[in-house]
Structure formats: structure tokens, C-alpha cells
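> See data30.cif below, with mmCIF, C-alpha atoms.
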```cif
data_query
#
loop_
_atom_site.label_atom_id
_atom_site.label_comp_id
_atom_site.auth_asym_id
_atom_site.auth_seq_id
_atom_site.Cartn_x
_atom_site.Cartn_y
_atom_site.Cartn_z
CA MET A 2 -19.56 121.74 -10.93
CA SER A 3 -17.66 123.23 -7.99
CA PHE A 4 -14.03 122.50 -7.35
CA PHE A 5 -14.77 120.44 -4.24
CA ARG A 6 -17.40 118.28 -5.86
CA ARG A 7 -15.11 117.66 -8.80
CA TYR A 8 -12.29 116.40 -6.64
CA ARG A 9 -14.35 115.07 -3.74
CA ASP A 10 -13.43 111.42 -4.18
CA PHE A 11 -9.82 112.32 -4.63
CA PHE A 12 -9.75 114.32 -1.39
CA ILE A 13 -11.53 111.62 0.56
CA CYS A 14 -9.08 109.01 -0.65
CA VAL A 15 -6.10 111.18 0.24
CA ILE A 16 -7.50 111.76 3.74
CA LEU A 17 -8.20 108.07 4.19
CA LEU A 18 -4.67 107.19 3.15
CA GLY A 19 -3.10 109.95 5.20
CA LEU A 20 -4.96 109.41 8.45
CA PRO A 21 -3.44 106.02 9.15
CA PHE A 22 0.02 107.50 9.25
CA LEU A 23 -1.10 109.94 11.91
CA PHE A 24 -2.60 107.08 13.93
CA LEU A 25 0.46 104.96 13.45
CA HIS A 26 2.77 107.76 14.35
CA SER A 27 0.90 108.50 17.58
CA ASN A 28 0.48 104.87 18.52
CA LEU A 29 4.14 104.02 18.15
CA LYS A 30 5.37 107.02 20.09
CA SER A 31 6.66 106.58 23.62
CA PRO A 32 4.02 107.85 26.12
CA ASP A 33 6.37 110.45 27.54
CA LYS A 34 6.97 111.94 24.09
CA LEU A 35 3.31 112.41 23.18
CA ASN A 36 2.26 115.91 22.25
CA ALA A 37 -1.23 117.42 22.36
CA ALA A 38 -2.10 116.30 18.82
CA ASP A 39 -1.01 112.73 19.56
CA ARG A 40 -3.14 112.68 22.68
CA VAL A 41 -6.16 113.87 20.69
CA ILE A 42 -5.62 111.14 18.10
CA LEU A 43 -5.21 108.47 20.77
CA ARG A 44 -8.28 109.76 22.57
CA ILE A 45 -10.25 109.46 19.38
CA SER A 46 -8.93 106.02 18.46
CA ALA A 47 -8.93 104.42 21.89
CA PRO A 48 -12.71 104.19 22.50
CA VAL A 49 -13.29 102.88 18.98
CA GLN A 50 -10.52 100.37 19.46
CA TYR A 51 -12.00 99.43 22.83
CA VAL A 52 -15.44 98.85 21.31
CA ALA A 53 -13.94 96.81 18.47
CA ALA A 54 -11.88 94.72 20.88
CA MET A 55 -14.90 94.27 23.16
CA LEU A 56 -17.04 93.13 20.25
CA GLY A 57 -14.33 90.72 19.17
CA ARG A 58 -13.97 89.40 22.70
CA THR A 59 -17.74 89.05 23.10
CA PHE A 60 -17.99 87.14 19.85
CA SER A 61 -15.08 84.97 20.91
CA ASP A 62 -16.68 84.36 24.32
CA VAL A 63 -20.06 83.51 22.81
CA TRP A 64 -18.43 81.18 20.32
CA GLY A 65 -16.28 79.65 23.03
CA SER A 66 -19.28 79.16 25.29
CA TYR A 67 -21.25 77.62 22.45
CA VAL A 68 -18.46 75.17 21.67
CA TYR A 69 -18.14 74.49 25.39
CA LEU A 70 -21.88 73.88 25.68
CA VAL A 71 -21.81 71.54 22.71
CA ASP A 72 -19.08 69.59 24.48
CA VAL A 73 -21.06 69.66 27.72
CA ARG A 74 -24.16 68.39 25.97
CA THR A 75 -22.22 65.54 24.35
CA GLU A 76 -20.63 64.72 27.68
CA ASN A 77 -24.01 64.93 29.40
CA GLU A 78 -25.55 62.52 26.90
CA ALA A 79 -22.66 60.09 27.38
CA LEU A 80 -22.97 60.31 31.17
CA GLN A 81 -26.73 59.88 30.99
CA LEU A 82 -26.24 56.74 28.90
CA GLU A 83 -23.68 55.46 31.37
CA LEU A 84 -26.02 56.23 34.26
CA ASN A 85 -28.89 54.39 32.57
CA ARG A 86 -26.66 51.39 32.01
CA ALA A 87 -25.54 51.47 35.63
CA ARG A 88 -29.16 51.74 36.79
CA GLU A 89 -30.15 48.83 34.58
CA GLN A 90 -27.26 46.77 35.91
CA ASN A 91 -28.13 47.77 39.47
CA LEU A 92 -31.71 46.67 38.90
CA LYS A 93 -30.51 43.33 37.53
CA VAL A 94 -28.27 42.84 40.54
CA ALA A 95 -31.14 43.73 42.91
CA THR A 96 -33.44 41.27 41.10
CA LEU A 97 -30.79 38.58 41.24
CA GLU A 98 -30.30 39.29 44.92
CA GLN A 99 -34.04 38.97 45.53
CA ASP A 100 -34.17 35.75 43.47
CA ASN A 101 -31.20 34.44 45.37
CA GLN A 102 -32.81 35.20 48.73
CA ARG A 103 -36.11 33.69 47.64
CA LEU A 104 -34.50 30.50 46.30
CA LYS A 105 -32.34 30.23 49.42
CA ARG A 106 -35.38 30.47 51.66
CA MET A 107 -37.25 27.98 49.50
CA LEU A 108 -34.36 25.55 49.74
CA GLU A 109 -34.16 26.00 53.51
CA PHE A 110 -37.91 25.47 53.77
CA LYS A 111 -37.78 22.33 51.63
CA GLU A 112 -34.89 20.88 53.55
CA GLY A 113 -36.52 21.70 56.89
CA PHE A 114 -39.95 20.37 55.94
CA GLU A 115 -40.52 16.80 56.95
CA GLY A 116 -43.07 15.87 54.28
CA ASP A 117 -42.49 15.57 50.53
CA VAL A 118 -43.02 18.73 48.55
CA LEU A 119 -42.89 19.65 44.88
CA VAL A 120 -41.84 23.01 43.62
CA ALA A 121 -44.28 24.64 41.23
CA GLN A 122 -44.23 27.90 39.31
CA VAL A 123 -47.16 30.26 39.30
CA ILE A 124 -48.11 30.73 35.65
CA GLY A 125 -51.39 32.54 35.89
CA LYS A 126 -53.55 34.63 38.11
CA ASP A 127 -56.93 36.19 37.79
CA THR A 128 -56.72 39.23 35.58
CA SER A 129 -58.50 41.38 38.15
CA PRO A 130 -56.27 43.15 40.68
CA PHE A 131 -57.59 40.92 43.43
CA PHE A 132 -57.67 37.46 41.98
CA ARG A 133 -58.89 34.44 43.83
CA VAL A 134 -57.52 31.82 41.50
CA MET A 135 -53.94 30.84 40.97
CA ARG A 136 -52.71 28.50 38.25
CA ILE A 137 -49.49 26.62 38.80
CA SER A 138 -47.27 24.43 36.67
CA VAL A 139 -45.58 21.35 38.09
CA ASN A 140 -42.88 19.50 36.23
CA ARG A 141 -44.37 16.22 34.99
CA GLY A 142 -42.69 13.10 36.26
CA VAL A 143 -41.58 14.67 39.51
CA GLY A 144 -44.70 13.57 41.30
CA GLU A 145 -48.47 13.40 41.04
CA VAL A 146 -50.55 16.36 42.09
CA ARG A 147 -54.08 15.69 43.26
CA PRO A 148 -56.98 17.92 44.39
CA GLY A 149 -56.91 18.79 48.06
CA MET A 150 -53.11 18.85 48.37
CA PRO A 151 -51.86 21.84 50.43
CA VAL A 152 -50.04 24.60 48.62
CA MET A 153 -47.69 26.86 50.55
CA THR A 154 -44.66 29.10 50.42
CA TYR A 155 -41.94 29.56 53.00
CA ASN A 156 -44.03 32.44 54.38
CA GLY A 157 -47.20 30.46 54.93
CA LEU A 158 -50.21 28.72 53.54
CA VAL A 159 -51.45 29.60 50.04
CA GLY A 160 -54.39 27.25 49.70
CA GLN A 161 -55.12 23.82 48.28
CA ILE A 162 -55.20 22.21 44.86
CA GLU A 163 -58.69 22.57 43.47
CA LYS A 164 -58.34 20.76 40.18
CA THR A 165 -55.52 19.44 38.11
CA TRP A 166 -54.93 18.50 34.47
CA SER A 167 -51.84 17.64 32.56
CA SER A 168 -49.01 19.40 34.39
CA TYR A 169 -51.19 22.33 35.47
CA SER A 170 -53.27 22.85 38.57
CA ASP A 171 -55.64 25.49 39.89
CA VAL A 172 -55.20 26.49 43.50
CA LEU A 173 -58.09 27.45 45.74
CA LEU A 174 -56.69 30.26 47.83
CA THR A 175 -57.32 30.60 51.56
CA VAL A 176 -59.03 33.95 50.92
CA ASP A 177 -61.69 32.29 48.75
CA PRO A 178 -65.07 31.86 50.51
CA MET A 179 -65.07 28.20 49.38
CA SER A 180 -61.87 27.53 51.28
CA SER A 181 -61.90 26.25 54.86
CA VAL A 182 -58.86 25.45 56.99
CA ASP A 183 -58.72 24.22 60.58
CA VAL A 184 -56.57 26.74 62.46
CA VAL A 185 -55.40 27.61 65.97
CA ILE A 186 -54.21 30.79 67.59
CA LYS A 187 -50.55 30.06 68.22
CA ARG A 188 -50.39 31.99 71.51
CA ASN A 189 -53.19 30.21 73.38
CA GLY A 190 -54.28 27.32 71.12
CA SER A 191 -57.82 28.62 70.55
CA ARG A 192 -59.29 26.75 67.62
CA GLY A 193 -61.52 27.75 64.72
CA ILE A 194 -62.21 27.37 60.99
CA LEU A 195 -60.54 29.85 58.64
CA LYS A 196 -62.66 30.94 55.70
CA GLY A 197 -62.01 33.48 53.01
CA THR A 198 -64.19 36.59 53.05
CA GLY A 199 -64.07 36.86 49.24
CA GLU A 200 -63.85 40.65 49.43
CA THR A 201 -63.05 42.24 46.12
CA ASN A 202 -60.86 45.02 47.40
CA ARG A 203 -58.55 43.17 49.77
CA TYR A 204 -57.29 39.77 50.81
CA GLN A 205 -58.87 38.76 54.07
CA CYS A 206 -60.14 35.73 55.99
CA LYS A 207 -62.33 35.19 58.99
CA ILE A 208 -62.13 32.60 61.73
CA GLU A 209 -65.45 30.98 62.41
CA TYR A 210 -66.50 29.01 65.43
CA LEU A 211 -63.97 30.69 67.71
CA LEU A 212 -65.44 30.65 71.20
CA LYS A 213 -66.26 33.99 72.76
CA THR A 214 -64.54 32.84 75.92
CA ASP A 215 -61.22 32.48 74.12
CA GLU A 216 -59.03 35.48 74.82
CA VAL A 217 -57.56 36.64 71.49
CA ARG A 218 -55.73 39.83 70.61
CA ILE A 219 -54.98 41.74 67.43
CA GLY A 220 -51.60 40.59 66.14
CA ASP A 221 -51.96 37.02 67.32
CA VAL A 222 -50.42 34.56 64.86
CA VAL A 223 -52.74 31.99 63.32
CA VAL A 224 -51.37 28.61 62.21
CA THR A 225 -52.86 25.43 60.82
CA SER A 226 -54.01 22.99 63.50
CA GLY A 227 -53.53 19.76 61.52
CA MET A 228 -56.85 18.50 62.90
CA ASP A 229 -58.53 18.41 59.49
CA LYS A 230 -55.93 15.96 58.20
CA LYS A 231 -55.61 18.08 55.06
CA PHE A 232 -53.01 20.60 56.15
CA PRO A 233 -49.98 19.78 58.29
CA GLU A 234 -49.77 21.36 61.71
CA GLY A 235 -48.06 24.68 62.34
CA ILE A 236 -48.08 26.33 58.89
CA PRO A 237 -48.51 30.10 59.31
CA VAL A 238 -51.80 31.37 57.93
CA GLY A 239 -51.90 34.98 59.03
CA THR A 240 -52.33 37.39 61.93
CA LEU A 241 -55.43 38.68 63.66
CA SER A 242 -56.38 42.10 62.40
CA ARG A 243 -59.79 42.71 63.97
CA VAL A 244 -61.81 41.16 66.78
CA ARG A 245 -65.50 41.68 67.51
CA LYS A 246 -67.32 40.01 70.36
CA LYS A 247 -71.02 39.77 69.73
CA GLU A 248 -73.47 40.35 72.56
CA PHE A 249 -75.37 37.19 71.80
CA GLY A 250 -74.16 33.80 70.64
CA LEU A 251 -71.30 31.48 71.46
CA PHE A 252 -68.73 32.71 69.03
CA GLN A 253 -66.79 35.86 68.36
CA GLU A 254 -65.93 37.39 64.97
CA VAL A 255 -62.24 37.49 64.13
CA TRP A 256 -60.61 38.75 60.93
CA VAL A 257 -57.23 37.54 59.75
CA ASP A 258 -54.70 39.18 57.38
CA PRO A 259 -53.04 36.43 55.30
CA ALA A 260 -49.40 35.67 55.97
CA ILE A 261 -48.49 35.95 52.32
CA ASP A 262 -49.07 38.53 49.63
CA PHE A 263 -50.86 36.54 46.92
CA SER A 264 -50.11 39.09 44.25
CA ARG A 265 -46.35 38.57 44.61
CA VAL A 266 -46.17 34.79 44.82
CA ARG A 267 -43.97 33.31 42.08
CA ASP A 268 -43.05 29.85 43.34
CA VAL A 269 -45.02 27.55 45.63
CA PHE A 270 -44.66 24.16 47.23
CA VAL A 271 -47.24 21.45 46.77
CA MET A 272 -47.19 19.02 49.64
CA VAL A 273 -47.57 15.57 48.10
CA SER A 274 -47.22 13.59 51.32
CA ALA A 275 -47.84 14.58 54.92
CA PRO A 276 -45.00 14.74 57.46
CA MET B 14 6.34 75.46 9.72
CA PRO B 15 3.73 77.13 11.96
CA LEU B 16 0.11 76.79 10.85
CA SER B 17 -0.36 80.55 11.18
CA PHE B 18 1.77 80.99 8.05
CA PHE B 19 -1.02 79.38 6.05
CA THR B 20 -3.76 81.56 7.52
CA PRO B 21 -5.56 83.27 4.65
CA ASP B 22 -6.50 86.92 4.75
CA LEU B 23 -10.23 87.12 4.15
CA VAL B 24 -10.41 90.91 4.04
CA ILE B 25 -8.13 91.36 1.02
CA PRO B 26 -10.31 89.28 -1.37
CA PHE B 27 -13.41 91.08 -0.11
CA VAL B 28 -11.80 94.45 -0.69
CA LEU B 29 -10.81 93.28 -4.15
CA TYR B 30 -14.37 92.25 -4.80
CA ILE B 31 -15.68 95.73 -3.96
CA ALA B 32 -12.86 97.13 -6.06
CA ILE B 33 -13.93 95.25 -9.18
CA ILE B 34 -17.64 95.96 -8.82
CA ASP B 35 -18.78 99.49 -9.34
CA PHE B 36 -18.81 100.58 -5.71
CA GLY B 37 -17.35 104.08 -6.02
CA ALA B 38 -13.85 105.17 -5.07
CA ALA B 39 -14.69 107.12 -1.92
CA ARG B 40 -17.34 104.72 -0.66
CA GLY B 41 -15.10 101.71 -1.28
CA ALA B 42 -12.11 103.40 0.32
CA ALA B 43 -14.20 104.30 3.38
CA LEU B 44 -15.39 100.71 3.69
CA ALA B 45 -11.82 99.47 3.30
CA PHE B 46 -10.75 102.01 5.94
CA VAL B 47 -13.29 100.61 8.41
CA LEU B 48 -12.24 97.05 7.62
CA GLY B 49 -8.60 97.99 8.08
CA TYR B 50 -9.42 99.57 11.40
CA ILE B 51 -11.23 96.46 12.56
CA MET B 52 -8.24 94.38 11.50
CA ASP B 53 -5.88 96.58 13.49
CA ALA B 54 -8.16 96.51 16.52
CA SER B 55 -8.63 92.78 16.43
CA ALA B 56 -5.18 91.69 15.26
CA GLY B 57 -3.28 93.58 17.93
CA SER B 58 -1.14 95.40 15.36
CA PRO B 59 -0.45 99.12 15.89
CA VAL B 60 -3.45 101.16 14.77
CA GLY B 61 -2.59 102.48 11.35
CA VAL B 62 -0.94 99.53 9.63
CA HIS B 63 -4.00 97.87 8.12
CA LEU B 64 -5.80 101.18 8.30
CA PHE B 65 -3.49 102.29 5.52
CA VAL B 66 -2.82 98.99 3.73
CA VAL B 67 -6.44 97.94 3.12
CA PRO B 68 -7.68 101.23 1.56
CA ALA B 69 -4.43 101.46 -0.40
CA ILE B 70 -4.93 97.98 -1.82
CA TYR B 71 -8.51 98.88 -2.63
CA LEU B 72 -7.57 102.02 -4.57
CA LEU B 73 -4.54 100.48 -6.26
CA TYR B 74 -6.33 97.35 -7.48
CA ARG B 75 -9.41 99.28 -8.45
CA PHE B 76 -7.20 101.29 -10.74
CA ILE B 77 -5.46 98.15 -12.06
CA TYR B 78 -8.77 96.38 -12.70
CA GLN B 79 -10.13 99.38 -14.61
CA LYS B 80 -7.14 99.09 -16.92
CA LEU B 81 -7.37 95.31 -17.39
CA LEU B 82 -11.12 94.61 -17.12
CA LEU B 83 -10.59 90.87 -17.14
CA THR B 84 -13.10 88.40 -15.70
CA GLY B 85 -13.12 84.82 -14.53
CA THR B 86 -12.24 82.91 -11.40
CA LEU B 87 -8.63 82.33 -12.42
CA PHE B 88 -8.06 85.99 -13.07
CA ARG B 89 -9.58 86.90 -9.73
CA MET B 90 -7.35 84.39 -7.97
CA VAL B 91 -4.27 85.80 -9.70
CA LEU B 92 -5.40 89.30 -8.80
CA THR B 93 -5.87 88.22 -5.18
CA LEU B 94 -2.43 86.60 -5.16
CA ALA B 95 -0.87 89.83 -6.36
CA ALA B 96 -2.95 91.97 -3.95
CA ALA B 97 -2.08 89.78 -0.98
CA ALA B 98 1.59 89.90 -1.88
CA THR B 99 1.40 93.70 -2.22
CA ALA B 100 -0.42 94.00 1.11
CA GLY B 101 2.14 91.78 2.80
CA LEU B 102 4.98 93.82 1.37
CA MET B 103 3.30 97.01 2.54
CA VAL B 104 2.95 95.66 6.09
CA VAL B 105 6.57 94.54 6.14
CA GLY B 106 7.62 97.91 4.76
CA MET B 107 5.57 99.88 7.30
CA ARG B 108 6.89 97.84 10.17
CA ALA B 109 10.41 98.43 8.97
CA LEU B 110 9.72 102.11 8.63
CA PHE B 111 7.89 102.79 11.87
CA GLU B 112 8.90 100.00 14.21
CA ARG B 113 12.42 99.45 12.91
CA SER B 114 11.49 95.77 12.82
CA LEU B 115 13.33 93.88 10.09
CA MET B 116 12.79 90.26 9.06
CA SER B 117 15.27 88.14 7.15
CA PHE B 118 14.85 88.02 3.38
CA THR B 119 14.10 84.29 3.37
CA MET B 120 11.54 84.73 6.10
CA ILE B 121 9.84 87.58 4.24
CA VAL B 122 9.68 85.61 0.98
CA SER B 123 8.38 82.38 2.54
CA THR B 124 5.82 84.23 4.69
CA LEU B 125 4.57 86.34 1.79
CA LEU B 126 4.37 83.35 -0.53
CA LEU B 127 2.36 81.19 1.83
CA TYR B 128 0.14 84.09 2.91
CA SER B 129 -0.58 85.06 -0.71
CA LEU B 130 -1.20 81.52 -1.88
CA SER B 131 -3.58 80.66 0.95
CA THR B 132 -5.42 83.99 0.49
CA ALA B 133 -5.73 83.37 -3.25
CA ALA B 134 -6.96 79.84 -2.62
CA PHE B 135 -9.81 81.16 -0.47
CA SER B 136 -10.66 84.05 -2.77
CA PRO B 137 -13.38 82.29 -4.86
CA VAL B 138 -15.39 81.67 -1.67
CA ILE B 139 -15.00 85.27 -0.54
CA PHE B 140 -15.93 86.58 -3.99
CA TRP B 141 -19.03 84.39 -3.93
CA LEU B 142 -19.95 85.59 -0.45
CA GLY B 143 -19.24 89.16 -1.52
CA GLY B 144 -21.65 88.67 -4.43
CA LYS B 145 -24.33 87.63 -1.93
CA LEU B 146 -23.66 90.56 0.41
CA VAL B 147 -23.00 93.34 -2.12
CA PRO B 148 -24.42 92.49 -5.56
CA GLU B 149 -22.55 93.74 -8.60
CA SER B 150 -23.96 96.91 -10.20
CA PRO B 151 -25.88 96.50 -13.48
CA ARG B 152 -23.47 98.88 -15.22
CA ARG B 153 -20.46 96.69 -14.44
CA GLN B 154 -22.37 93.61 -15.63
CA GLU B 155 -23.12 95.36 -18.90
CA GLU B 156 -19.45 96.17 -19.30
CA LYS B 157 -18.60 92.51 -18.85
CA VAL B 158 -21.06 91.56 -21.58
CA ILE B 159 -19.52 94.09 -23.97
CA ILE B 160 -16.05 92.70 -23.32
#
```
Before we go any further, please render this structure as C-alpha cells.

Amino acid sequence: MSFFRRYRDFFICVILLGLPFLFLHSNLKSPDKLNAADRVILRISAPVQYVAAMLGRTFSDVWGSYVYLVDVRTENEALQLELNRAREQNLKVATLEQDNQRLKRMLEFKEGFEGDVLVAQVIGKDTSPFFRVMRISVNRGVGEVRPGMPVMTYNGLVGQIEKTWSSYSDVLLTVDPMSSVDVVIKRNGSRGILKGTGETNRYQCKIEYLLKTDEVRIGDVVVTSGMDKKFPEGIPVGTLSRVRKKEFGLFQEVWVDPAIDFSRVRDVFVMVSAP
Amino acid sequence: MPLSFFTPDLVIPFVLYIAIIDFGAARGAALAFVLGYIMDASAGSPVGVHLFVVPAIYLLYRFIYQKLLLTGTLFRMVLTLAAAATAGLMVVGMRALFERSLMSFTMIVSTLLLYSLSTAAFSPVIFWLGGKLVPESPRRQEEKVII
């Protein structure tokens, strides 16, 4: 075994223990007192030190960013929760506002209406998107509800009571083909009979027996005439949406869009005695 | 008392671990040298302090362990306590020698004591982690069985 191999470990250890003193000596020297050897040592150690410091800083940055992101995520979740709560509360306030407006208008309508009316809640509608039946519930003891009584909202006419049992009643809507209401065009007093078209894809009525000589326009407001003795005079029914004058015959064809959206009705009035 | 006084040194127990397994003098010293360099680079101390202390501790305690050949967690903790105290003394000594920086005796004793105790307290974890990273050689395990 050669001399070097025999004492290899010993030499390595001596070098490893001696080198630090050279580094330390050069590092602690004032820059103006550095000699060539010191500069070489510093030049060797500086890049390594730079890489080590950079790695340390990178690790620290990554860790710091991770911790920061964890905080951000927690904060984001908390804010999201707060936002959802605020949205929920906002929705409640909006619903309350709508309810308030609706009830206010109902009260105004009831106070302004000369006849006696009962308030009823809509409890059921046809399951199809365009129902033609509406079931209402009237508080028992408040008054008696009979078939034929007009049903309305503050926006206009809904229909009439078709049948009644216990405290429930079915309402025949104005858009039903079985329904007929005596109406007039508010602008010029032209008279006709409003009947539901019974279309499955929209709510619409037609005015029958409207003379061709009567000048009507799209947008004209249609109200009840009161001539049929079933519905009081002046309740809004809808507006004219289409007019067609036939070449032959006495009457013209007129379509009416209902004044109320049947799918959104929640409370109605049942008129128990005429004004 | 500042919390930094209780900061354990995690390199010293690891170096001790490679000292007590059969890692080879030169290889172990080289690894300790690299670790010391990293410590100097990351700790902000002048390059050379830990560069000397860590390999020196490795070689010194490798020699001591070969004489004692004791095993067990308690022994390792005591060994770490002694090694940490030695390392601390070396750092203080080198600073006094090269930087002319002298601490009061009370300060040196309290700092060394807390540093050594906290390092020794963490040593079982580092020894366990060391065992996962660098498994003990079969020869050293056989020696343990013989003892």
C-alpha cells in the first residue's frame, strides 16, 4: 500500500480542518489589507456562498408564500362565507320589500274598493307551466264564497269562482275558453265579450262580438263593463295585443294580453258583494 | 430570556449520528465540512467558523465513540449534550481568537447550557431521521450485538 493511500483519510481530515482557518482569515480581513491569496479564497467562496444564500432565500420565500397563501385561503373562505350571508340577508330584505309593497297595494285596493272583498291565498296551480286552474284558500268564518264570484288582484281581473268546498275554491281564469266576461275598451267604450283562447304556450284572451266599425288600437286598455252583472265595472282585464279586421262579417278579431301574470299570483280578492 | 437561546442545533446531532455509524472518516468529515459551510452561509457567521467546528466535532466524537462504543438513547443524548457544549465552546473560542469578540462568563455559561440542553433534547428525533436518511452499516450493527 502506497504512502498516500495509507494516510489518505488523515490528509483529507487535516485539509478539511485547515481550510476553514484560511477562509476565516480571509473573510475577517479588512478589504484594503487583502492579498492575492485572500482574494483567490474569497473568489472561490463567494459564489458558493451566494448560491447557498440564494437557495436559503428561495426556500424561505417559497415557505413564506405558502404560509401567506394558506392565510389568504382561510381569509378567502371567511370572506366568501360572509358574502354568502350578506347575499342571503339581502335576498330576505328584497323579499320582505316585495311582500311589503304587495301587501300595501292590496290594502290600498281593499280600502279603495267599494264592495266587500275577502282575501284568499293561492294554494295550488296546475302542474303544467301554463295552468288554467287556480285553487285558493279562504279563511272560514270570514265570509261565504259561492260560484260565480269575481276574483281579482290589485292589478286586474283573475277570473271567477268555479266551485267551492270547505274553505277551498277553484277559480276559472279569464284565459280559460270556458270563461266569458263582458268588457269595454276604456278609450272609446267599444264593447265585446272576453274569452280565453286556451292556448297551451301563453296566456291570452280574445274579444268576441267587437264591431268592425269600432276603431281600436294595439295597446288599448280593456276593462270590465259591469253589464253582465257578474263583474263590477272598471276592473282592468288586459291590453290589446293584436287586431285583425276580417273582409267579411260584422266583427273584428282582437287579442288581449291579460293584465296580470297568473304564474306569479299569490294573494287574490274574492268579491263577495257588489259595489 | 430571548427564545433564540433555546434554539436547538440540528446539525450537531446529525453529525454525531454519522460519526457513530460506520461512515468513514474522510467521507464523514467531507459531509460535515459541507454542512458547516451551509451553516456559515445561512447563519451569517464569517465563513470558516462552522466550517471548522462541524468537521472537528465529527472527528473528535467519532474518536470518542470508538473508545466508548456505548448504545442507547440516553447515551446518545448525553453525547449530544457534550458535543453541543464543545461546539459552542469552539465557536466562542474562535470568535475570541479571530474577531476579538468576548462575552461575559455568565453569558457564555448560560448560552452554552441552554443551547446544549435544547440540542440534546432534540437529538433522538434527529438520530431517528438520520437512521431513515443514512442507514447504519451492517458491520456497526454486528458490533452492537457483540457488545
> Taking only C-alpha atoms into account, what are the residues of chain B at most 9 Å from chain A, put as a PyMOL selection string?
chain B and resi 37-40+42-43+46+50-51+53-55+59-66+68-69+72+111-112
> At what distance in Å, to one decimal, does atom CA of Val273 of chain A lie from atom CA of Pro259 of chain A?
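Atom CA of Val273 of chain A lies 22.7 Å from atom CA of Pro259 of chain A.
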> Residues within 8 Å of segment 109-125 of chain A, please, as a short mmCIF file (atom, residue, chain, number, x, y, z; two decimals) with C-alpha atoms, in the frame of the given file. Count all atoms listed in the file; anything in the same chain fewer than 2 positions from it doesn't count.

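Result saved to out39.cif:
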```cif
data_model
loop_
_atom_site.label_atom_id
_atom_site.label_comp_id
_atom_site.auth_asym_id
_atom_site.auth_seq_id
_atom_site.Cartn_x
_atom_site.Cartn_y
_atom_site.Cartn_z
CA LYS A 105 -32.34 30.23 49.42
CA ARG A 106 -35.38 30.47 51.66
CA MET A 107 -37.25 27.98 49.50
CA ASP A 127 -56.93 36.19 37.79
CA MET A 135 -53.94 30.84 40.97
CA ARG A 136 -52.71 28.50 38.25
CA ILE A 137 -49.49 26.62 38.80
CA SER A 138 -47.27 24.43 36.67
CA VAL A 139 -45.58 21.35 38.09
CA ASN A 140 -42.88 19.50 36.23
CA VAL A 143 -41.58 14.67 39.51
CA GLY A 144 -44.70 13.57 41.30
CA TYR A 155 -41.94 29.56 53.00
CA VAL A 266 -46.17 34.79 44.82
CA ARG A 267 -43.97 33.31 42.08
CA ASP A 268 -43.05 29.85 43.34
CA VAL A 269 -45.02 27.55 45.63
CA PHE A 270 -44.66 24.16 47.23
CA VAL A 271 -47.24 21.45 46.77
CA MET A 272 -47.19 19.02 49.64
CA VAL A 273 -47.57 15.57 48.10
CA SER A 274 -47.22 13.59 51.32
CA ALA A 275 -47.84 14.58 54.92
CA PRO A 276 -45.00 14.74 57.46
#
```
> With distances taken over all atoms listed in the file, which residue among A:Ala79, A:Val185, A:Val159, A:Val71 lies nearest Asp229 of chain A?
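Of A:Ala79, A:Val185, A:Val159, A:Val71, the one nearest Asp229 of chain A is A:Val185, counting all atoms listed in the file.
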> Give me, please, the distance in Å between atom CA of Ile186 of chain A and atom CA of Gly199 of chain A, quoted to one decimal.
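One can read the atom CA of Ile186 of chain A to atom CA of Gly199 of chain A distance as 21.7 Å.
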> Could you pull the residues within 8 Å of Ala100 of chain B, counting all atoms listed in the file, minus those fewer than 2 positions along the same chain, as JSON, numbers by chain?
{"B": [66, 67, 70, 96, 97, 98, 102, 103, 104]}
> As an exercise, work out the distance from atom CA of Ser191 of chain A to atom CA of Gly149 of chain A in Å and give it to one decimal place.
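A separation of 24.6 Å between them.
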